[in-house]
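Take a look at the structure set out below.
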Amino acid sequence: MILIAGPCVIEDRETLRAIAEELAVFAHHEQIDFYFKSSFDKANRTSLESYRGPGLEKGLEMLDSIKREFGFKLLTDIHESYQAKIAAEVVDVLQIPAFLCRQTDLIVHAAKTKAILNIKKGQFMNPADMQYSVLKALKTRGSDIQSPTYEESKKFHIWLTERGNTFGYGNLVVDMRSLIIMNAFAPVIFDATHSVQMPGAAQGKSGGDCKFVPFLSRAAAAVGVDGFFMETHINPKEALSDGANMITPAVLKTTIEQILAIKSALQ
């Protein structure tokens, strides 16, 4: 089972390392394929005054230090095409943010690297239409297929991530059918923490309600997915980005135990 976890954004070296230390247990778990996640830049913040991160060069340097110390595989977001090649020299997975999931040049440049490509489904997207984003990456990587399949996407290291759909203003809802629909043409990750986000609901920034994370995670495990994405912080209330929907390492550990129990029961 794939597990992607770590803080939303790189805040400072000490906080990044403290979270990594808490998550090290997953890197050696025989049932888990673990990826440590953090962003060097959050380029789509609601407010101009919101903290974005240390930037490409400094952020990748800090992620590389985590990789060397803990032996983690890494995932980070990119927002501009030029960042793909540079980031792929450090990280193992390049992530296309949900708002940019149809951005052709960004997908193509990311697909030209050797990194795994994780495309997050936009909150505004029909899950079936994500096949076209997948096909852009497959064609770039040399596939001659006309309609993507799960096996072809897995072969060319392309994942999709579900993070909920816009439901009116300032809210998201998860349609579990999306997991099944997208899993027909790609490995699917369930983003449990962004799925409880409340976009723009906190006076110039996004709110959220992290208490629902374990419940949605268990539901997704019962439906069946390839992995889980859960942003994690030592003290979410003090986090500089997405604190309202992030969970603590303790909650993550309990939730993963429950997920593995559900997966075992379904086998």
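Note on naming: chains are A, B, ... as they come in the structure tokens, residues start from 1 per chain, ligands start from 1 in the order shown.
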
Inset, instruction - Tell me which protein, DNA and RNA residues are within 9 Å of range 188-203 of chain A, counting only C-alpha atoms, leaving out same-chain ones fewer than 4 positions away, and put them as a ChimeraX atom specification. - result: /A:2-4,46,118,120,159-166,169-174,179-180,182-183,207-214,216-217,220-221,225-232,242,244-247

Inset, instruction - Please provide the set of residues having any atom within 9 Å of range 72-88 of chain A, restricted to only C-alpha atoms, with same-chain residues fewer than 4 positions apart removed, written as a PyMOL selection string. - result: chain A and resi 4+20+24+27+34-44+56-57+60+63-64+66-68+92-97+100+105-116+118

Selected residues, C-alpha atoms, written as a PDB file, in the first residue's frame, please.
```
ATOM      1  CA  ILE A   4       2.204   9.642   1.191  1.00  0.00           C
ATOM      2  CA  ALA A  20      10.199  13.075   9.399  1.00  0.00           C
ATOM      3  CA  ALA A  24      10.223   6.999   9.985  1.00  0.00           C
ATOM      4  CA  ALA A  27       9.596   3.647   5.842  1.00  0.00           C
ATOM      5  CA  PHE A  34       6.223   5.134   1.948  1.00  0.00           C
ATOM      6  CA  TYR A  35       6.813   8.587   0.411  1.00  0.00           C
ATOM      7  CA  PHE A  36       7.605  11.671   2.498  1.00  0.00           C
ATOM      8  CA  LYS A  37       5.755  14.722   1.171  1.00  0.00           C
ATOM      9  CA  SER A  38       6.276  18.450   1.533  1.00  0.00           C
ATOM     10  CA  SER A  39       6.042  21.420  -0.827  1.00  0.00           C
ATOM     11  CA  PHE A  40       8.816  23.934  -1.467  1.00  0.00           C
ATOM     12  CA  ASP A  41       6.218  26.429  -2.694  1.00  0.00           C
ATOM     13  CA  LYS A  42       2.440  26.684  -2.316  1.00  0.00           C
ATOM     14  CA  ALA A  43       1.763  28.814  -5.354  1.00  0.00           C
ATOM     15  CA  ASN A  44      -2.035  28.696  -5.170  1.00  0.00           C
ATOM     16  CA  LEU A  56      12.677  25.805  -5.160  1.00  0.00           C
ATOM     17  CA  GLU A  57      16.401  25.823  -4.421  1.00  0.00           C
ATOM     18  CA  LEU A  60      14.856  20.958  -2.481  1.00  0.00           C
ATOM     19  CA  LEU A  63      14.165  17.719   1.223  1.00  0.00           C
ATOM     20  CA  ASP A  64      17.427  16.182   0.015  1.00  0.00           C
ATOM     21  CA  ILE A  66      15.757  14.419   4.787  1.00  0.00           C
ATOM     22  CA  LYS A  67      16.262  11.854   2.044  1.00  0.00           C
ATOM     23  CA  ARG A  68      19.917  11.344   2.943  1.00  0.00           C
ATOM     24  CA  ASP A  92      10.960  10.402  -6.569  1.00  0.00           C
ATOM     25  CA  VAL A  93       7.431  11.644  -7.308  1.00  0.00           C
ATOM     26  CA  LEU A  94       6.384  14.854  -9.037  1.00  0.00           C
ATOM     27  CA  GLN A  95       2.879  15.946  -8.095  1.00  0.00           C
ATOM     28  CA  ILE A  96       0.601  18.007 -10.326  1.00  0.00           C
ATOM     29  CA  PRO A  97      -1.678  20.126  -8.094  1.00  0.00           C
ATOM     30  CA  LEU A 100      -3.411  22.379 -12.642  1.00  0.00           C
ATOM     31  CA  ASP A 105       2.761  21.752 -20.628  1.00  0.00           C
ATOM     32  CA  LEU A 106       3.156  21.022 -16.918  1.00  0.00           C
ATOM     33  CA  ILE A 107       2.114  17.376 -17.338  1.00  0.00           C
ATOM     34  CA  VAL A 108       4.315  16.919 -20.400  1.00  0.00           C
ATOM     35  CA  HIS A 109       7.432  18.376 -18.751  1.00  0.00           C
ATOM     36  CA  ALA A 110       6.867  16.258 -15.637  1.00  0.00           C
ATOM     37  CA  ALA A 111       6.339  13.154 -17.766  1.00  0.00           C
ATOM     38  CA  LYS A 112       9.654  13.764 -19.541  1.00  0.00           C
ATOM     39  CA  THR A 113      11.477  13.068 -16.272  1.00  0.00           C
ATOM     40  CA  LYS A 114      12.079   9.644 -14.736  1.00  0.00           C
ATOM     41  CA  ALA A 115      10.011  10.491 -11.653  1.00  0.00           C
ATOM     42  CA  ILE A 116       6.695   8.885 -10.815  1.00  0.00           C
ATOM     43  CA  ASN A 118       1.027  11.885  -9.403  1.00  0.00           C
TER      44      ASN A 118
END
```

Return as CSV the residues of range 147-247 of chain A lying at most 10 Å from range 128-140 of chain A, together with the closest atom-to-atom pair for each and the distance in Å to one decimal, counting only C-alpha atoms, with rows in chain order and ascending residue number.
```
residue,atom,partner,partner_atom,distance
A:Ser147,CA,A:Leu135,CA,7.2
A:Pro148,CA,A:Leu135,CA,6.1
A:Thr149,CA,A:Gln131,CA,8.9
A:Glu152,CA,A:Leu138,CA,8.0
A:Ser153,CA,A:Leu138,CA,7.0
A:Lys155,CA,A:Leu138,CA,9.6
A:Phe156,CA,A:Leu138,CA,6.8
A:His157,CA,A:Leu138,CA,9.1
A:Ile158,CA,A:Val134,CA,7.1
A:Trp159,CA,A:Val134,CA,8.2
A:Leu160,CA,A:Val134,CA,8.1
A:Ser178,CA,A:Ala128,CA,7.9
A:Ile180,CA,A:Ala128,CA,9.9
A:Ile181,CA,A:Ala128,CA,6.2
A:Met182,CA,A:Ala128,CA,6.3
A:Asn183,CA,A:Ala128,CA,9.8
A:Ala184,CA,A:Ala128,CA,9.3
A:Phe185,CA,A:Gln131,CA,6.7
A:Ala186,CA,A:Val134,CA,7.7
```

Take the residues just selected and output them with all heavy atoms as a compact mmCIF listing (two decimals), in the first residue's frame.
```
# COMPACT_ATOMS: atom_id res chain seq x y z
N SER A 147 -6.46 4.56 -25.28
CA SER A 147 -7.32 4.73 -24.12
C SER A 147 -6.59 4.13 -22.92
O SER A 147 -6.24 2.95 -22.94
CB SER A 147 -8.65 4.02 -24.34
OG SER A 147 -9.52 4.20 -23.24
N PRO A 148 -6.31 4.92 -21.89
CA PRO A 148 -5.47 4.43 -20.79
C PRO A 148 -6.11 3.28 -20.02
O PRO A 148 -7.33 3.21 -19.86
CB PRO A 148 -5.29 5.66 -19.91
CG PRO A 148 -6.43 6.56 -20.25
CD PRO A 148 -6.75 6.31 -21.68
N THR A 149 -5.26 2.39 -19.54
CA THR A 149 -5.69 1.29 -18.69
C THR A 149 -4.88 1.34 -17.39
O THR A 149 -3.81 1.95 -17.33
CB THR A 149 -5.46 -0.07 -19.36
OG1 THR A 149 -4.04 -0.26 -19.54
CG2 THR A 149 -6.17 -0.15 -20.71
N GLU A 152 -1.36 -0.08 -17.99
CA GLU A 152 -0.47 0.80 -18.76
C GLU A 152 0.01 1.97 -17.89
O GLU A 152 1.18 2.33 -17.90
CB GLU A 152 -1.19 1.30 -20.01
CG GLU A 152 -0.27 1.98 -21.01
CD GLU A 152 0.53 1.01 -21.87
OE1 GLU A 152 0.53 -0.21 -21.57
OE2 GLU A 152 1.14 1.46 -22.85
N SER A 153 -0.89 2.55 -17.12
CA SER A 153 -0.51 3.66 -16.24
C SER A 153 0.47 3.20 -15.18
O SER A 153 1.44 3.91 -14.87
CB SER A 153 -1.76 4.26 -15.58
OG SER A 153 -2.61 4.83 -16.55
N LYS A 155 2.55 0.70 -15.43
CA LYS A 155 3.81 0.42 -16.13
C LYS A 155 4.62 1.69 -16.36
O LYS A 155 5.85 1.69 -16.21
CB LYS A 155 3.49 -0.24 -17.48
CG LYS A 155 4.70 -0.45 -18.38
CD LYS A 155 4.26 -1.02 -19.73
CE LYS A 155 5.42 -1.08 -20.72
NZ LYS A 155 4.96 -1.57 -22.05
N PHE A 156 3.94 2.79 -16.69
CA PHE A 156 4.62 4.05 -16.98
C PHE A 156 4.65 4.99 -15.76
O PHE A 156 4.97 6.17 -15.89
CB PHE A 156 3.97 4.75 -18.17
CG PHE A 156 4.34 4.13 -19.50
CD1 PHE A 156 3.56 3.13 -20.05
CD2 PHE A 156 5.49 4.53 -20.17
CE1 PHE A 156 3.90 2.54 -21.26
CE2 PHE A 156 5.84 3.96 -21.39
CZ PHE A 156 5.05 2.96 -21.94
N HIS A 157 4.32 4.45 -14.58
CA HIS A 157 4.47 5.17 -13.30
C HIS A 157 3.66 6.46 -13.25
O HIS A 157 4.18 7.54 -12.97
CB HIS A 157 5.94 5.46 -13.03
CG HIS A 157 6.81 4.24 -13.12
ND1 HIS A 157 6.69 3.18 -12.25
CD2 HIS A 157 7.79 3.89 -14.00
CE1 HIS A 157 7.57 2.25 -12.57
NE2 HIS A 157 8.24 2.64 -13.62
N ILE A 158 2.37 6.32 -13.51
CA ILE A 158 1.45 7.46 -13.44
C ILE A 158 0.32 7.12 -12.46
O ILE A 158 -0.34 6.10 -12.60
CB ILE A 158 0.87 7.79 -14.84
CG1 ILE A 158 2.01 8.16 -15.79
CG2 ILE A 158 -0.14 8.93 -14.74
CD1 ILE A 158 1.64 8.09 -17.24
N TRP A 159 0.14 7.99 -11.46
CA TRP A 159 -0.91 7.81 -10.46
C TRP A 159 -1.91 8.96 -10.57
O TRP A 159 -1.61 10.04 -11.08
CB TRP A 159 -0.34 7.85 -9.04
CG TRP A 159 0.75 6.89 -8.73
CD1 TRP A 159 1.09 5.74 -9.40
CD2 TRP A 159 1.67 6.99 -7.62
NE1 TRP A 159 2.14 5.12 -8.79
CE2 TRP A 159 2.52 5.85 -7.69
CE3 TRP A 159 1.84 7.89 -6.58
CZ2 TRP A 159 3.53 5.64 -6.76
CZ3 TRP A 159 2.85 7.68 -5.66
CH2 TRP A 159 3.68 6.56 -5.74
N LEU A 160 -3.11 8.71 -10.04
CA LEU A 160 -4.11 9.76 -9.86
C LEU A 160 -4.46 9.86 -8.38
O LEU A 160 -4.45 8.85 -7.67
CB LEU A 160 -5.38 9.45 -10.65
CG LEU A 160 -5.28 9.52 -12.17
CD1 LEU A 160 -6.61 9.09 -12.80
CD2 LEU A 160 -4.90 10.91 -12.64
N SER A 178 -15.85 7.92 -7.53
CA SER A 178 -14.67 8.43 -8.26
C SER A 178 -13.49 7.48 -8.17
O SER A 178 -12.72 7.33 -9.13
CB SER A 178 -14.26 9.79 -7.70
OG SER A 178 -15.24 10.76 -7.93
N ILE A 180 -13.48 4.25 -7.95
CA ILE A 180 -13.69 3.11 -8.84
C ILE A 180 -13.54 3.53 -10.30
O ILE A 180 -12.91 2.84 -11.11
CB ILE A 180 -15.09 2.49 -8.60
CG1 ILE A 180 -15.23 2.04 -7.15
CG2 ILE A 180 -15.33 1.31 -9.55
CD1 ILE A 180 -16.64 1.71 -6.74
N ILE A 181 -14.12 4.69 -10.64
CA ILE A 181 -14.06 5.17 -12.02
C ILE A 181 -12.62 5.38 -12.46
O ILE A 181 -12.20 4.91 -13.53
CB ILE A 181 -14.87 6.48 -12.16
CG1 ILE A 181 -16.36 6.19 -11.99
CG2 ILE A 181 -14.60 7.14 -13.52
CD1 ILE A 181 -17.21 7.43 -11.79
N MET A 182 -11.81 6.07 -11.65
CA MET A 182 -10.44 6.37 -12.04
C MET A 182 -9.54 5.15 -11.95
O MET A 182 -8.56 5.03 -12.69
CB MET A 182 -9.89 7.52 -11.19
CG MET A 182 -10.60 8.83 -11.43
SD MET A 182 -9.71 10.28 -10.76
CE MET A 182 -9.70 9.91 -9.01
N ASN A 183 -9.87 4.23 -11.06
CA ASN A 183 -9.04 3.03 -10.90
C ASN A 183 -9.10 2.12 -12.12
O ASN A 183 -8.27 1.23 -12.27
CB ASN A 183 -9.48 2.26 -9.65
CG ASN A 183 -8.38 1.40 -9.07
OD1 ASN A 183 -8.62 0.30 -8.60
ND2 ASN A 183 -7.14 1.88 -9.10
N ALA A 184 -10.05 2.38 -13.01
CA ALA A 184 -10.12 1.60 -14.25
C ALA A 184 -8.98 1.96 -15.20
O ALA A 184 -8.60 1.15 -16.06
CB ALA A 184 -11.47 1.84 -14.94
N PHE A 185 -8.41 3.18 -15.03
CA PHE A 185 -7.36 3.59 -15.96
C PHE A 185 -6.09 4.10 -15.28
O PHE A 185 -5.17 4.58 -15.95
CB PHE A 185 -7.88 4.61 -16.99
CG PHE A 185 -8.61 5.79 -16.41
CD1 PHE A 185 -7.93 6.89 -15.93
CD2 PHE A 185 -10.00 5.81 -16.38
CE1 PHE A 185 -8.59 7.98 -15.41
CE2 PHE A 185 -10.69 6.90 -15.87
CZ PHE A 185 -9.99 7.99 -15.39
N ALA A 186 -5.98 3.98 -13.95
CA ALA A 186 -4.75 4.38 -13.27
C ALA A 186 -4.78 3.92 -11.81
O ALA A 186 -5.86 3.78 -11.23
CB ALA A 186 -4.57 5.90 -13.31
```

Inset, instruction - Just the residues within 12 Å of Glu11 in chain A, please, counting only C-alpha atoms, with nothing from its chain fewer than 6 positions along; format it as a list in words. - result: Arg17, Ala18, Ile19, Ser38, Ser39, Phe40, Asp41, Lys42, Tyr51, Arg52, Gly53, Pro54, Gly55, Lys58, Gly59, Met62, Leu63, His233, Ile234, Glu238, Ala239, Leu240 and Ser241 of chain A

Selected residues, N, CA, C and O atoms, written as an mmCIF file, in the first residue's frame, please.
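Written file, selection-v1.cif:
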```cif
data_model
loop_
_atom_site.group_PDB
_atom_site.id
_atom_site.type_symbol
_atom_site.label_atom_id
_atom_site.label_comp_id
_atom_site.auth_asym_id
_atom_site.auth_seq_id
_atom_site.Cartn_x
_atom_site.Cartn_y
_atom_site.Cartn_z
ATOM 1 N N ARG A 17 12.354 18.104 10.007
ATOM 2 C CA ARG A 17 13.054 16.931 10.536
ATOM 3 C C ARG A 17 12.261 16.264 11.651
ATOM 4 O O ARG A 17 12.220 15.032 11.751
ATOM 5 N N ALA A 18 11.613 17.062 12.498
ATOM 6 C CA ALA A 18 10.829 16.506 13.601
ATOM 7 C C ALA A 18 9.675 15.659 13.079
ATOM 8 O O ALA A 18 9.379 14.574 13.612
ATOM 9 N N ILE A 19 9.017 16.117 12.016
ATOM 10 C CA ILE A 19 7.923 15.349 11.420
ATOM 11 C C ILE A 19 8.471 14.094 10.753
ATOM 12 O O ILE A 19 7.899 12.995 10.890
ATOM 13 N N SER A 38 6.386 17.059 1.123
ATOM 14 C CA SER A 38 6.276 18.450 1.533
ATOM 15 C C SER A 38 6.524 19.332 0.308
ATOM 16 O O SER A 38 7.232 18.930 -0.615
ATOM 17 N N SER A 39 5.939 20.513 0.320
ATOM 18 C CA SER A 39 6.042 21.420 -0.827
ATOM 19 C C SER A 39 7.051 22.523 -0.573
ATOM 20 O O SER A 39 7.082 23.098 0.519
ATOM 21 N N PHE A 40 7.866 22.825 -1.579
ATOM 22 C CA PHE A 40 8.816 23.934 -1.467
ATOM 23 C C PHE A 40 8.138 25.267 -1.746
ATOM 24 O O PHE A 40 8.642 26.327 -1.398
ATOM 25 N N ASP A 41 6.963 25.211 -2.398
ATOM 26 C CA ASP A 41 6.218 26.429 -2.694
ATOM 27 C C ASP A 41 4.744 26.074 -2.838
ATOM 28 O O ASP A 41 4.388 25.136 -3.540
ATOM 29 N N LYS A 42 3.881 26.813 -2.142
ATOM 30 C CA LYS A 42 2.440 26.684 -2.316
ATOM 31 C C LYS A 42 1.994 27.886 -3.133
ATOM 32 O O LYS A 42 1.703 28.952 -2.599
ATOM 33 N N TYR A 51 1.791 32.326 3.777
ATOM 34 C CA TYR A 51 3.121 31.735 3.657
ATOM 35 C C TYR A 51 3.144 30.726 2.516
ATOM 36 O O TYR A 51 2.256 29.876 2.407
ATOM 37 N N ARG A 52 4.168 30.800 1.661
ATOM 38 C CA ARG A 52 4.253 29.923 0.500
ATOM 39 C C ARG A 52 5.315 28.851 0.624
ATOM 40 O O ARG A 52 5.207 27.787 0.008
ATOM 41 N N GLY A 53 6.388 29.093 1.379
ATOM 42 C CA GLY A 53 7.461 28.122 1.479
ATOM 43 C C GLY A 53 8.808 28.746 1.180
ATOM 44 O O GLY A 53 8.895 29.926 0.811
ATOM 45 N N PRO A 54 9.884 27.965 1.299
ATOM 46 C CA PRO A 54 11.229 28.507 1.135
ATOM 47 C C PRO A 54 11.671 28.686 -0.311
ATOM 48 O O PRO A 54 12.727 29.254 -0.573
ATOM 49 N N GLY A 55 10.904 28.183 -1.250
ATOM 50 C CA GLY A 55 11.285 28.291 -2.650
ATOM 51 C C GLY A 55 11.981 27.045 -3.171
ATOM 52 O O GLY A 55 12.335 26.140 -2.411
ATOM 53 N N LYS A 58 16.161 26.288 -2.050
ATOM 54 C CA LYS A 58 16.317 26.001 -0.622
ATOM 55 C C LYS A 58 15.429 24.840 -0.190
ATOM 56 O O LYS A 58 15.831 23.984 0.610
ATOM 57 N N GLY A 59 14.216 24.781 -0.740
ATOM 58 C CA GLY A 59 13.293 23.716 -0.381
ATOM 59 C C GLY A 59 13.800 22.344 -0.797
ATOM 60 O O GLY A 59 13.741 21.381 -0.024
ATOM 61 N N MET A 62 16.569 21.157 1.479
ATOM 62 C CA MET A 62 16.093 20.618 2.755
ATOM 63 C C MET A 62 15.463 19.234 2.566
ATOM 64 O O MET A 62 15.658 18.337 3.389
ATOM 65 N N LEU A 63 14.730 19.043 1.496
ATOM 66 C CA LEU A 63 14.165 17.719 1.223
ATOM 67 C C LEU A 63 15.263 16.692 0.981
ATOM 68 O O LEU A 63 15.184 15.543 1.439
ATOM 69 N N HIS A 233 1.406 16.855 10.613
ATOM 70 C CA HIS A 233 2.183 17.912 11.278
ATOM 71 C C HIS A 233 2.245 17.618 12.770
ATOM 72 O O HIS A 233 1.309 17.060 13.343
ATOM 73 N N ILE A 234 3.339 17.980 13.405
ATOM 74 C CA ILE A 234 3.492 17.795 14.845
ATOM 75 C C ILE A 234 2.427 18.579 15.606
ATOM 76 O O ILE A 234 1.837 18.105 16.576
ATOM 77 N N GLU A 238 -0.594 25.083 14.690
ATOM 78 C CA GLU A 238 0.455 26.079 14.480
ATOM 79 C C GLU A 238 1.028 26.040 13.065
ATOM 80 O O GLU A 238 1.930 26.810 12.739
ATOM 81 N N ALA A 239 0.511 25.142 12.230
ATOM 82 C CA ALA A 239 1.039 24.979 10.874
ATOM 83 C C ALA A 239 0.804 26.238 10.045
ATOM 84 O O ALA A 239 -0.184 26.959 10.233
ATOM 85 N N LEU A 240 1.707 26.488 9.110
ATOM 86 C CA LEU A 240 1.631 27.693 8.288
ATOM 87 C C LEU A 240 0.784 27.513 7.043
ATOM 88 O O LEU A 240 0.542 28.470 6.308
ATOM 89 N N SER A 241 0.323 26.286 6.786
ATOM 90 C CA SER A 241 -0.548 26.012 5.647
ATOM 91 C C SER A 241 -1.366 24.759 5.922
ATOM 92 O O SER A 241 -0.835 23.742 6.376
#
```

Inset, instruction - Have a look at CA of Thr254 in chain A and CA of His29 in chain A and let me know their distance in Å, one decimal. - result: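 Distance between the two atoms: 14.2 Å.
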
Legend entry - Per-residue DSSP, range 53-238 of chain A, filtered to alpha helix (DSSP H), as number ranges by chain: A: 56-70, 83-88, 104-111, 130-140, 150-155, 177-183, 213-223

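Among the candidates A:Gly142, A:Val25, A:Leu117, A:Val90, the one nearest to Ile256 in chain A when counting only C-alpha atoms is A:Val25.
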